[in-house]
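Trainee: Got a file for you: target_8.cif, mmCIF, C-alpha atoms.
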data_model
loop_
_atom_site.group_PDB
_atom_site.id
_atom_site.type_symbol
_atom_site.label_atom_id
_atom_site.label_comp_id
_atom_site.auth_asym_id
_atom_site.auth_seq_id
_atom_site.Cartn_x
_atom_site.Cartn_y
_atom_site.Cartn_z
ATOM 1 C CA MET A 1 24.564 22.725 -2.896
ATOM 2 C CA THR A 2 22.475 25.695 -3.865
ATOM 3 C CA SER A 3 19.339 25.348 -1.843
ATOM 4 C CA ALA A 4 17.087 28.373 -1.878
ATOM 5 C CA PRO A 5 16.390 30.147 1.414
ATOM 6 C CA PRO A 6 13.057 29.192 2.956
ATOM 7 C CA THR A 7 10.313 31.094 1.268
ATOM 8 C CA THR A 8 7.460 32.619 3.173
ATOM 9 C CA THR A 9 4.133 31.597 1.778
ATOM 10 C CA LYS A 10 1.530 34.160 2.606
ATOM 11 C CA HIS A 11 -2.057 33.059 2.508
ATOM 12 C CA PRO A 12 -4.473 35.577 0.928
ATOM 13 C CA THR A 13 -5.867 36.174 4.414
ATOM 14 C CA GLY A 14 -2.437 37.398 5.523
ATOM 15 C CA ILE A 15 -1.771 34.327 7.648
ATOM 16 C CA VAL A 16 1.875 33.283 7.750
ATOM 17 C CA LYS A 17 2.530 29.645 8.509
ATOM 18 C CA ALA A 18 5.125 28.595 11.061
ATOM 19 C CA LEU A 19 8.329 26.912 9.980
ATOM 20 C CA GLY A 20 7.787 23.185 9.970
ATOM 21 C CA GLU A 21 4.160 23.527 8.963
ATOM 22 C CA GLU A 22 4.911 23.531 5.283
ATOM 23 C CA PRO A 23 6.559 20.782 3.297
ATOM 24 C CA VAL A 24 10.298 21.150 2.816
ATOM 25 C CA PHE A 25 10.189 19.529 -0.615
ATOM 26 C CA LYS A 26 7.886 19.900 -3.562
ATOM 27 C CA PRO A 27 7.073 17.666 -6.507
ATOM 28 C CA GLY A 28 9.934 17.653 -8.982
ATOM 29 C CA ASP A 29 12.658 18.194 -6.381
ATOM 30 C CA PRO A 30 15.645 15.878 -6.789
ATOM 31 C CA VAL A 31 16.519 14.227 -3.484
ATOM 32 C CA ARG A 32 18.834 11.656 -2.037
ATOM 33 C CA ILE A 33 17.768 9.226 0.634
ATOM 34 C CA SER A 34 20.109 9.375 3.605
ATOM 35 C CA ILE A 35 22.664 6.719 4.302
ATOM 36 C CA ARG A 36 22.165 6.161 7.997
ATOM 37 C CA TYR A 37 21.943 3.041 10.053
ATOM 38 C CA PRO A 38 20.217 3.931 13.309
ATOM 39 C CA VAL A 39 19.533 1.068 15.683
ATOM 40 C CA GLY A 40 16.006 -0.265 15.421
ATOM 41 C CA HIS A 41 13.398 -0.885 12.791
ATOM 42 C CA TYR A 42 13.401 2.053 10.403
ATOM 43 C CA ARG A 43 10.947 1.969 7.563
ATOM 44 C CA VAL A 44 13.352 3.036 4.881
ATOM 45 C CA PRO A 45 14.411 -0.196 3.230
ATOM 46 C CA MET A 46 18.164 -0.771 3.076
ATOM 47 C CA TYR A 47 18.068 -0.945 -0.716
ATOM 48 C CA MET A 48 16.862 2.675 -0.852
ATOM 49 C CA ARG A 49 19.565 4.239 1.286
ATOM 50 C CA GLY A 50 21.832 6.559 -0.654
ATOM 51 C CA LYS A 51 19.698 6.385 -3.789
ATOM 52 C CA ARG A 52 18.663 9.411 -5.807
ATOM 53 C CA GLY A 53 15.104 10.092 -6.775
ATOM 54 C CA ILE A 54 12.523 12.730 -7.529
ATOM 55 C CA VAL A 55 9.768 13.875 -5.187
ATOM 56 C CA GLU A 56 6.508 12.996 -6.909
ATOM 57 C CA LEU A 57 3.874 13.831 -4.348
ATOM 58 C CA ILE A 58 3.513 15.445 -0.945
ATOM 59 C CA LEU A 59 1.348 13.207 1.213
ATOM 60 C CA GLU A 60 -1.218 15.292 3.018
ATOM 61 C CA PRO A 61 -1.880 15.799 5.829
ATOM 62 C CA MET A 62 1.252 15.850 7.968
ATOM 63 C CA ALA A 63 1.848 12.765 10.036
ATOM 64 C CA VAL A 64 3.814 11.807 13.114
ATOM 65 C CA ASN A 65 7.226 10.332 12.470
ATOM 66 C CA ASN A 66 6.264 6.713 13.017
ATOM 67 C CA GLU A 67 9.836 5.695 13.650
ATOM 68 C CA GLU A 68 10.220 8.080 16.559
ATOM 69 C CA GLU A 69 6.738 7.194 17.694
ATOM 70 C CA GLY A 70 7.703 3.531 17.706
ATOM 71 C CA PHE A 71 10.338 4.314 20.317
ATOM 72 C CA GLY A 72 7.965 6.456 22.390
ATOM 73 C CA ARG A 73 10.014 9.553 21.591
ATOM 74 C CA ASN A 74 7.516 11.560 19.599
ATOM 75 C CA ALA A 75 6.149 14.555 21.399
ATOM 76 C CA GLY A 76 3.440 15.016 18.809
ATOM 77 C CA SER A 77 5.658 16.744 16.300
ATOM 78 C CA LYS A 78 4.661 16.071 12.736
ATOM 79 C CA GLY A 79 6.244 16.144 9.334
ATOM 80 C CA TYR A 80 5.505 15.214 5.784
ATOM 81 C CA TYR A 81 5.804 11.971 3.931
ATOM 82 C CA TYR A 82 6.626 12.149 0.248
ATOM 83 C CA ARG A 83 6.208 9.738 -2.596
ATOM 84 C CA VAL A 84 9.674 9.533 -4.084
ATOM 85 C CA GLY A 85 10.250 7.977 -7.486
ATOM 86 C CA VAL A 86 13.509 6.225 -8.302
ATOM 87 C CA SER A 87 14.465 4.753 -11.643
ATOM 88 C CA LEU A 88 15.046 1.004 -11.445
ATOM 89 C CA THR A 89 18.235 1.458 -13.451
ATOM 90 C CA GLU A 90 19.474 3.842 -10.696
ATOM 91 C CA LEU A 91 18.479 1.332 -8.073
ATOM 92 C CA TRP A 92 19.949 -1.769 -9.657
ATOM 93 C CA PRO A 93 23.058 -1.512 -11.819
ATOM 94 C CA GLY A 94 22.525 -3.779 -14.793
ATOM 95 C CA TYR A 95 18.740 -3.682 -14.472
ATOM 96 C CA ALA A 96 17.426 -5.736 -17.369
ATOM 97 C CA GLY A 97 14.016 -4.126 -17.931
ATOM 98 C CA SER A 98 13.021 -0.941 -19.655
ATOM 99 C CA PRO A 99 14.946 2.226 -18.624
ATOM 100 C CA GLN A 100 11.672 3.961 -17.819
ATOM 101 C CA ASP A 101 10.688 1.392 -15.158
ATOM 102 C CA ARG A 102 10.385 3.040 -11.792
ATOM 103 C CA LEU A 103 9.879 2.420 -8.107
ATOM 104 C CA VAL A 104 7.867 4.812 -5.980
ATOM 105 C CA ILE A 105 8.093 4.757 -2.215
ATOM 106 C CA GLU A 106 6.948 6.839 0.743
ATOM 107 C CA VAL A 107 9.768 8.422 2.693
ATOM 108 C CA PHE A 108 9.526 10.629 5.764
ATOM 109 C CA GLU A 109 11.012 14.117 5.472
ATOM 110 C CA CYS A 110 13.955 13.546 7.800
ATOM 111 C CA TRP A 111 15.351 10.850 5.501
ATOM 112 C CA LEU A 112 15.518 13.109 2.443
ATOM 113 C CA GLU A 113 18.486 15.267 1.460
ATOM 114 C CA ARG A 114 18.258 18.020 -1.093
ATOM 115 C CA ILE A 115 20.613 17.584 -4.047
ATOM 116 C CA MET B 2 -21.282 -6.498 1.310
ATOM 117 C CA GLU B 3 -21.323 -10.269 1.199
ATOM 118 C CA THR B 4 -23.048 -12.208 3.907
ATOM 119 C CA HIS B 5 -21.147 -14.686 5.996
ATOM 120 C CA ASP B 6 -21.575 -18.293 5.092
ATOM 121 C CA HIS B 7 -19.639 -19.690 8.019
ATOM 122 C CA ASP B 8 -19.721 -19.444 11.775
ATOM 123 C CA HIS B 9 -16.894 -18.027 13.804
ATOM 124 C CA PRO B 10 -15.638 -20.622 16.201
ATOM 125 C CA ASP B 11 -14.595 -19.435 19.613
ATOM 126 C CA VAL B 12 -11.017 -18.308 19.092
ATOM 127 C CA HIS B 13 -10.002 -20.025 22.308
ATOM 128 C CA GLN B 14 -11.126 -23.457 21.197
ATOM 129 C CA LYS B 15 -9.129 -25.830 19.036
ATOM 130 C CA SER B 16 -10.652 -28.954 17.621
ATOM 131 C CA ALA B 17 -9.105 -32.220 18.761
ATOM 132 C CA ALA B 18 -8.217 -33.113 15.172
ATOM 133 C CA GLU B 19 -5.786 -30.204 14.821
ATOM 134 C CA PRO B 20 -2.062 -30.705 15.354
ATOM 135 C CA ALA B 21 -0.466 -29.521 18.568
ATOM 136 C CA PRO B 22 0.182 -25.758 18.634
ATOM 137 C CA ARG B 23 3.658 -24.650 17.673
ATOM 138 C CA TYR B 24 5.956 -22.108 19.272
ATOM 139 C CA TYR B 25 4.417 -18.907 17.883
ATOM 140 C CA GLU B 26 0.860 -20.099 18.318
ATOM 141 C CA ILE B 27 1.553 -20.817 21.975
ATOM 142 C CA MET B 28 3.180 -17.408 22.348
ATOM 143 C CA GLU B 29 0.224 -15.702 20.644
ATOM 144 C CA THR B 30 -2.237 -17.479 22.928
ATOM 145 C CA ALA B 31 -0.186 -16.614 26.009
ATOM 146 C CA VAL B 32 0.103 -12.931 25.068
ATOM 147 C CA ARG B 33 -3.579 -12.718 24.196
ATOM 148 C CA GLU B 34 -4.682 -14.338 27.438
ATOM 149 C CA LEU B 35 -2.353 -12.122 29.399
ATOM 150 C CA LEU B 36 -3.701 -8.973 27.717
ATOM 151 C CA VAL B 37 -7.258 -10.022 28.537
ATOM 152 C CA GLU B 38 -6.329 -11.027 32.081
ATOM 153 C CA LYS B 39 -4.666 -7.658 32.674
ATOM 154 C CA LYS B 40 -7.755 -5.977 31.217
ATOM 155 C CA LEU B 41 -5.720 -4.263 28.485
ATOM 156 C CA VAL B 42 -7.917 -5.881 25.858
ATOM 157 C CA GLY B 43 -11.538 -6.831 26.335
ATOM 158 C CA PRO B 44 -12.435 -10.459 25.574
ATOM 159 C CA GLY B 45 -14.656 -9.417 22.681
ATOM 160 C CA GLU B 46 -12.167 -7.091 21.008
ATOM 161 C CA ILE B 47 -10.045 -9.724 19.296
ATOM 162 C CA SER B 48 -12.975 -11.663 17.876
ATOM 163 C CA ARG B 49 -14.497 -8.380 16.774
ATOM 164 C CA GLN B 50 -11.355 -7.503 14.847
ATOM 165 C CA ILE B 51 -11.421 -10.931 13.207
ATOM 166 C CA GLU B 52 -14.986 -10.169 12.113
ATOM 167 C CA VAL B 53 -13.849 -6.810 10.755
ATOM 168 C CA LEU B 54 -11.188 -8.504 8.633
ATOM 169 C CA ASP B 55 -13.520 -11.285 7.525
ATOM 170 C CA SER B 56 -15.919 -8.668 6.221
ATOM 171 C CA ARG B 57 -13.241 -7.332 3.850
ATOM 172 C CA THR B 58 -12.663 -9.419 0.738
ATOM 173 C CA PRO B 59 -11.483 -8.756 -2.810
ATOM 174 C CA ALA B 60 -15.157 -8.604 -3.814
ATOM 175 C CA LEU B 61 -15.253 -5.224 -2.109
ATOM 176 C CA GLY B 62 -12.337 -3.861 -4.098
ATOM 177 C CA ALA B 63 -13.841 -5.329 -7.256
ATOM 178 C CA LYS B 64 -17.007 -3.278 -6.723
ATOM 179 C CA VAL B 65 -14.904 -0.151 -6.367
ATOM 180 C CA VAL B 66 -13.041 -0.918 -9.602
ATOM 181 C CA ALA B 67 -16.236 -1.690 -11.511
ATOM 182 C CA ARG B 68 -17.776 1.589 -10.372
ATOM 183 C CA ALA B 69 -14.678 3.465 -11.517
ATOM 184 C CA TRP B 70 -14.983 1.812 -14.931
ATOM 185 C CA VAL B 71 -18.582 2.861 -15.463
ATOM 186 C CA ASP B 72 -18.631 6.219 -13.696
ATOM 187 C CA PRO B 73 -15.919 8.689 -14.805
ATOM 188 C CA GLU B 74 -16.767 11.140 -12.036
ATOM 189 C CA PHE B 75 -16.379 8.465 -9.386
ATOM 190 C CA ARG B 76 -13.139 7.412 -11.032
ATOM 191 C CA ALA B 77 -11.849 10.968 -10.737
ATOM 192 C CA ARG B 78 -12.822 11.125 -7.058
ATOM 193 C CA LEU B 79 -11.232 7.714 -6.434
ATOM 194 C CA LEU B 80 -7.957 8.758 -8.043
ATOM 195 C CA ALA B 81 -7.981 12.064 -6.170
ATOM 196 C CA ASN B 82 -8.536 10.436 -2.775
ATOM 197 C CA GLY B 83 -8.999 6.688 -2.629
ATOM 198 C CA ARG B 84 -9.943 6.607 1.003
ATOM 199 C CA THR B 85 -12.687 9.209 0.989
ATOM 200 C CA ALA B 86 -14.181 7.799 -2.210
ATOM 201 C CA CYS B 87 -14.355 4.319 -0.656
ATOM 202 C CA GLU B 88 -15.668 5.674 2.635
ATOM 203 C CA SER B 89 -18.349 7.967 1.338
ATOM 204 C CA GLU B 90 -19.606 5.874 -1.556
ATOM 205 C CA PHE B 91 -19.118 2.307 -0.344
ATOM 206 C CA GLY B 92 -19.105 2.701 3.427
ATOM 207 C CA ILE B 93 -15.680 1.065 3.552
ATOM 208 C CA SER B 94 -14.125 2.153 6.836
ATOM 209 C CA PHE B 95 -10.373 2.531 7.201
ATOM 210 C CA TYR B 96 -10.151 1.044 10.671
ATOM 211 C CA ASP B 97 -6.331 1.121 10.548
ATOM 212 C CA ASP B 98 -6.282 4.835 9.678
ATOM 213 C CA THR B 99 -4.287 4.277 6.518
ATOM 214 C CA LYS B 100 -4.575 6.387 3.401
ATOM 215 C CA LEU B 101 -5.418 4.837 0.082
ATOM 216 C CA ILE B 102 -3.839 5.828 -3.188
ATOM 217 C CA VAL B 103 -5.434 4.247 -6.228
ATOM 218 C CA LEU B 104 -2.946 3.675 -9.046
ATOM 219 C CA GLU B 105 -4.435 3.652 -12.495
ATOM 220 C CA ASN B 106 -3.076 1.326 -15.151
ATOM 221 C CA THR B 107 -3.013 2.818 -18.635
ATOM 222 C CA ASP B 108 -1.618 1.961 -22.063
ATOM 223 C CA LYS B 109 1.649 3.528 -20.900
ATOM 224 C CA ILE B 110 1.910 2.534 -17.213
ATOM 225 C CA HIS B 111 1.503 -0.773 -15.415
ATOM 226 C CA ASN B 112 1.413 -0.549 -11.618
ATOM 227 C CA LEU B 113 2.483 -3.229 -9.192
ATOM 228 C CA ILE B 114 2.309 -3.097 -5.403
ATOM 229 C CA VAL B 115 4.550 -4.695 -2.816
ATOM 230 C CA CYS B 116 5.640 -4.219 0.770
ATOM 231 C CA THR B 117 9.309 -5.127 0.950
ATOM 232 C CA LEU B 118 9.523 -4.618 4.720
ATOM 233 C CA CYS B 119 6.528 -6.667 5.815
ATOM 234 C CA SER B 120 3.032 -7.158 4.440
ATOM 235 C CA CYS B 121 1.367 -3.721 4.160
ATOM 236 C CA TYR B 122 -1.701 -4.296 2.034
ATOM 237 C CA PRO B 123 -4.981 -2.452 1.405
ATOM 238 C CA ARG B 124 -6.783 -4.634 3.949
ATOM 239 C CA PRO B 125 -9.772 -2.315 4.403
ATOM 240 C CA VAL B 126 -10.675 -2.883 0.719
ATOM 241 C CA LEU B 127 -9.202 -6.308 -0.055
ATOM 242 C CA GLY B 128 -9.031 -8.186 3.251
ATOM 243 C CA LEU B 129 -6.036 -10.346 4.093
ATOM 244 C CA PRO B 130 -3.158 -10.565 1.614
ATOM 245 C CA PRO B 131 -2.341 -13.842 -0.143
ATOM 246 C CA ASP B 132 0.541 -15.830 1.340
ATOM 247 C CA TRP B 133 2.841 -15.219 -1.627
ATOM 248 C CA TYR B 134 2.470 -11.451 -1.119
ATOM 249 C CA LYS B 135 3.930 -11.849 2.384
ATOM 250 C CA ALA B 136 6.667 -14.260 1.336
ATOM 251 C CA LYS B 137 10.233 -13.049 0.851
ATOM 252 C CA PRO B 138 10.673 -14.112 -2.781
ATOM 253 C CA TYR B 139 7.862 -11.845 -3.966
ATOM 254 C CA ARG B 140 8.852 -8.992 -1.665
ATOM 255 C CA ALA B 141 12.466 -9.043 -2.808
ATOM 256 C CA ARG B 142 11.925 -9.732 -6.474
ATOM 257 C CA ALA B 143 9.027 -7.336 -7.123
ATOM 258 C CA VAL B 144 11.394 -4.385 -6.712
ATOM 259 C CA ARG B 145 14.448 -6.069 -8.242
ATOM 260 C CA GLU B 146 13.033 -7.758 -11.328
ATOM 261 C CA PRO B 147 9.345 -6.865 -11.627
ATOM 262 C CA ARG B 148 9.124 -7.942 -15.261
ATOM 263 C CA ALA B 149 10.345 -11.437 -14.441
ATOM 264 C CA VAL B 150 7.849 -11.665 -11.556
ATOM 265 C CA LEU B 151 5.023 -10.503 -13.806
ATOM 266 C CA ALA B 152 6.022 -13.022 -16.474
ATOM 267 C CA GLU B 153 5.704 -15.785 -13.896
ATOM 268 C CA PHE B 154 2.140 -14.651 -13.299
ATOM 269 C CA GLY B 155 1.629 -14.898 -17.046
ATOM 270 C CA THR B 156 1.690 -11.140 -17.504
ATOM 271 C CA ASP B 157 3.855 -9.837 -20.299
ATOM 272 C CA ILE B 158 4.256 -6.088 -20.319
ATOM 273 C CA PRO B 159 5.630 -4.540 -23.524
ATOM 274 C CA GLU B 160 8.968 -2.730 -23.224
ATOM 275 C CA ASP B 161 7.394 0.620 -24.058
ATOM 276 C CA VAL B 162 5.033 0.365 -21.087
ATOM 277 C CA GLU B 163 6.524 1.683 -17.857
ATOM 278 C CA ILE B 164 6.451 -0.657 -14.886
ATOM 279 C CA ARG B 165 5.789 1.384 -11.777
ATOM 280 C CA VAL B 166 6.351 -0.527 -8.561
ATOM 281 C CA SER B 167 4.966 1.039 -5.379
ATOM 282 C CA ASP B 168 6.681 -0.149 -2.211
ATOM 283 C CA SER B 169 4.295 0.425 0.668
ATOM 284 C CA THR B 170 6.375 1.332 3.695
ATOM 285 C CA ALA B 171 4.473 3.651 5.954
ATOM 286 C CA MET B 172 0.918 4.868 6.180
ATOM 287 C CA VAL B 173 -0.293 4.702 2.618
ATOM 288 C CA ARG B 174 -1.850 1.629 1.080
ATOM 289 C CA TYR B 175 -2.219 1.122 -2.655
ATOM 290 C CA LEU B 176 -4.872 -0.363 -4.869
ATOM 291 C CA VAL B 177 -4.307 -0.880 -8.572
ATOM 292 C CA LEU B 178 -7.110 0.226 -10.861
ATOM 293 C CA PRO B 179 -6.713 -2.254 -13.711
ATOM 294 C CA GLN B 180 -7.611 -1.503 -17.316
ATOM 295 C CA ARG B 181 -11.084 -2.481 -18.356
ATOM 296 C CA PRO B 182 -10.782 -5.310 -20.841
ATOM 297 C CA VAL B 183 -12.098 -4.966 -24.360
ATOM 298 C CA GLY B 184 -15.255 -6.901 -25.020
ATOM 299 C CA THR B 185 -16.968 -5.700 -21.828
ATOM 300 C CA GLU B 186 -18.757 -2.730 -23.383
ATOM 301 C CA ASN B 187 -22.164 -4.249 -22.697
ATOM 302 C CA PHE B 188 -21.401 -5.509 -19.181
ATOM 303 C CA THR B 189 -23.341 -4.154 -16.250
ATOM 304 C CA GLU B 190 -21.466 -2.803 -13.231
ATOM 305 C CA GLU B 191 -22.220 -6.065 -11.392
ATOM 306 C CA GLN B 192 -20.916 -8.169 -14.263
ATOM 307 C CA LEU B 193 -17.771 -6.073 -14.399
ATOM 308 C CA ALA B 194 -17.179 -6.547 -10.668
ATOM 309 C CA GLU B 195 -17.261 -10.318 -11.190
ATOM 310 C CA ILE B 196 -14.267 -10.296 -13.521
ATOM 311 C CA VAL B 197 -12.016 -8.141 -11.316
ATOM 312 C CA THR B 198 -9.636 -10.373 -9.397
ATOM 313 C CA ARG B 199 -7.582 -9.780 -6.280
ATOM 314 C CA ASP B 200 -4.362 -10.298 -8.240
ATOM 315 C CA ALA B 201 -5.392 -7.664 -10.772
ATOM 316 C CA MET B 202 -5.820 -5.161 -7.941
ATOM 317 C CA ILE B 203 -2.301 -5.998 -6.713
ATOM 318 C CA GLY B 204 -1.096 -5.529 -10.283
ATOM 319 C CA VAL B 205 0.385 -8.963 -10.959
ATOM 320 C CA VAL B 206 -2.165 -9.767 -13.660
ATOM 321 C CA ARG B 207 -4.462 -7.904 -16.007
ATOM 322 C CA VAL B 208 -8.188 -8.330 -15.898
ATOM 323 C CA ASN B 209 -9.168 -10.571 -18.734
ATOM 324 C CA LEU B 210 -12.277 -12.446 -19.621
ATOM 325 C CA GLU B 211 -10.606 -15.861 -19.527
ATOM 326 C CA ASN B 212 -9.484 -15.813 -15.897
ATOM 327 C CA ARG B 213 -12.636 -15.328 -13.940
ATOM 328 C CA SER B 214 -11.849 -17.214 -10.766
ATOM 329 C CA THR B 215 -10.740 -15.436 -7.607
ATOM 330 C CA PRO B 216 -9.289 -17.698 -4.941
#
As structure tokens - that is how I would like this structure written.

Mentor:
Amino acid sequence: MTSAPPTTTKHPTGIVKALGEEPVFKPGDPVRISIRYPVGHYRVPMYMRGKRGIVELILEPMAVNNEEEGFGRNAGSKGYYYRVGVSLTELWPGYAGSPQDRLVIEVFECWLERI
Amino acid sequence: METHDHDHPDVHQKSAAEPAPRYYEIMETAVRELLVEKKLVGPGEISRQIEVLDSRTPALGAKVVARAWVDPEFRARLLANGRTACESEFGISFYDDTKLIVLENTDKIHNLIVCTLCSCYPRPVLGLPPDWYKAKPYRARAVREPRAVLAEFGTDIPEDVEIRVSDSTAMVRYLVLPQRPVGTENFTEEQLAEIVTRDAMIGVVRVNLENRSTP
């Protein structure tokens, strides 16, 4: 894994944003969706876990992690959701349709791994 | 916005002709009455929310689509931010605080929306989802074999057109902006809105001049 060190984005006004304020991923980044099975209702469908995709869009603004929130554990910390595109041939071995067919899904930052 | 052509019966009353309530209906009634009794929910809040939902129908989404077809600048604003375009130009409130991404169908891309986990749906613009949208066969098959599902709706998508399925899992809702059919060049915005169906805004059919009815 050759992930670049976190870059510091400096606004023209000289303002430096805190870590965690900026999205970890950007459009075009290849990612893998984590294979984890925490107890409870997690809004990453089972069929997506472990699949590879490409970040298509950063969903602005930041949002609370609704899964943590659902368990009353969120202290107001926020993160980004991303629209992640996955080829249907990656998703389903033997997929019968066109190889360019795609699925796009919103995934919260903590479920994405850089690849 | 359409006017109501029916009265809202008191949600607590059931007509004598209806069958006896089943397990989940009894549970819903019990929970609702308990919430009101404990003053966690005011007695008017539930009926108000029913009114909110009743005021949202596919006719609303159809107006948005028709406007996007006739007004390129609106279309650009709608594609840039579906929610703010609907809010500021149609007064459509997003009472559930969801975002709205409008997915444009083109000659190269056909969009389809689904919620595999439950029944996430652009309710602020379309109202309640159809039953088949909430049923497991559609939810499972839309992501597994979208072309077969579309074919069952009578929609054949050529192989060189990408099918793009959006699974709605969190806080974003999707609305498909269908392609404007040929032969509508002289239609007014109102006439265009009449041909846009709910199913076309889900992406399971195209808008065509033959299928005008919206259930």

Trainee: Tell me the residues of chain A close to chain B, meaning within 12 Å using all atoms listed in the file, as a ChimeraX atom specification.

Mentor: /A:41-48,57-67,80-108

Trainee: Once the PyMOL selection byres ((chain A and resi 36) around 10) is applied to the coordinates I shared, what remains selected? I want it as a PyMOL selection string.

Mentor: chain A and resi 33-35+37-39+42+44+46+49-50+111

Trainee: List as a PyMOL selection string the protein and nucleic acid residues near Gly155 (chain B), meaning an atom at most 9 Å away when all atoms listed in the file are counted, but skip any in the same chain fewer than 5 places from it.

Mentor: chain B and resi 150+205-206

Trainee: Taking the file as shown, find all residues satisfying the PyMOL selection byres ((chain A and resi 31) around 6) and write them as a PDB file with C-alpha atoms, keeping the file's coordinate frame.

Mentor:
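Output (expr17.pdb):
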ATOM      1  CA  PRO A  30      15.645  15.878  -6.789  1.00  0.00           C
ATOM      2  CA  ARG A  32      18.834  11.656  -2.037  1.00  0.00           C
ATOM      3  CA  ARG A  52      18.663   9.411  -5.807  1.00  0.00           C
ATOM      4  CA  GLY A  53      15.104  10.092  -6.775  1.00  0.00           C
ATOM      5  CA  ILE A  54      12.523  12.730  -7.529  1.00  0.00           C
ATOM      6  CA  GLU A 113      18.486  15.267   1.460  1.00  0.00           C
ATOM      7  CA  ARG A 114      18.258  18.020  -1.093  1.00  0.00           C
ATOM      8  CA  ILE A 115      20.613  17.584  -4.047  1.00  0.00           C
TER       9      ILE A 115
END

Trainee: Evaluate the PyMOL selection byres ((chain B and resi 98) around 12) against this structure - the residues, as JSON, numbers by chain, please.

Mentor: {"A": [63], "B": [84, 85, 88, 93, 94, 95, 96, 97, 99, 100, 101, 123, 124, 125, 171, 172, 173, 174]}

Trainee: Find the residue from B:Val32, B:Leu210, B:Leu104, B:Leu41 that sits nearest to Asn82 (chain B); use all atoms listed in the file when measuring.

Mentor: B:Leu104

Trainee: How many Å separate CA of Gly79 (chain A) from CA of Ala18 (chain A)?

Mentor: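 Atom-to-atom, CA of Gly79 (chain A) to CA of Ala18 (chain A), that is 12.6 Å.
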
Trainee: How many Å separate CA of Val103 (chain B) from CA of Gly83 (chain B)?

Mentor: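 The value is 5.6 Å.
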
Trainee: Neighbourhood query: residues within 12 Å of (-18.9, 4.5, -13.3), file coordinates, counting all atoms listed in the file; return as a count of residues only.

Mentor: 24

Trainee: Figure out the distance between CA of Ile196 (chain B) and CA of Gly62 (chain B), please, to one decimal in Å.

Mentor: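 Going from CA of Gly62 (chain B) over to CA of Ile196 (chain B) covers 11.6 Å.
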
Trainee: Starting from the point (-16.5, -2.6, 5.6), work out which residues of protein, DNA or RNA have an atom no more than 10 Å away when counting all atoms listed in the file; state them as a VMD selection string.

Mentor: chain B and resid 2 53 to 58 61 87 to 88 91 to 96 125 to 128

Trainee: Find, counting all atoms listed in the file, the residue in B:Ile203, B:Gly43, B:Val197, B:Ser120 that gets nearest to Asp132 (chain B).

Mentor: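 Ranking B:Ile203, B:Gly43, B:Val197, B:Ser120 by distance to Asp132 (chain B), first place goes to B:Ser120.
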
Trainee: Box for region 70-74 of chain A: with edges along x, y and z, all listed atoms inside and 3 Å added on each side, what are the centre and edge lengths in Å to one decimal, as AutoDock Vina command-line options?

Mentor:
--center_x 8.9 --center_y 7.5 --center_z 20.0 --size_x 8.8 --size_y 14.0 --size_z 10.7

Trainee: Which one of B:Leu129, B:Ile47, B:Ile102, B:Val115 sits closest to Arg142 (chain B) if you count all atoms listed in the file?

Mentor: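 Of all the options, B:Val115 lies closest to Arg142 (chain B).
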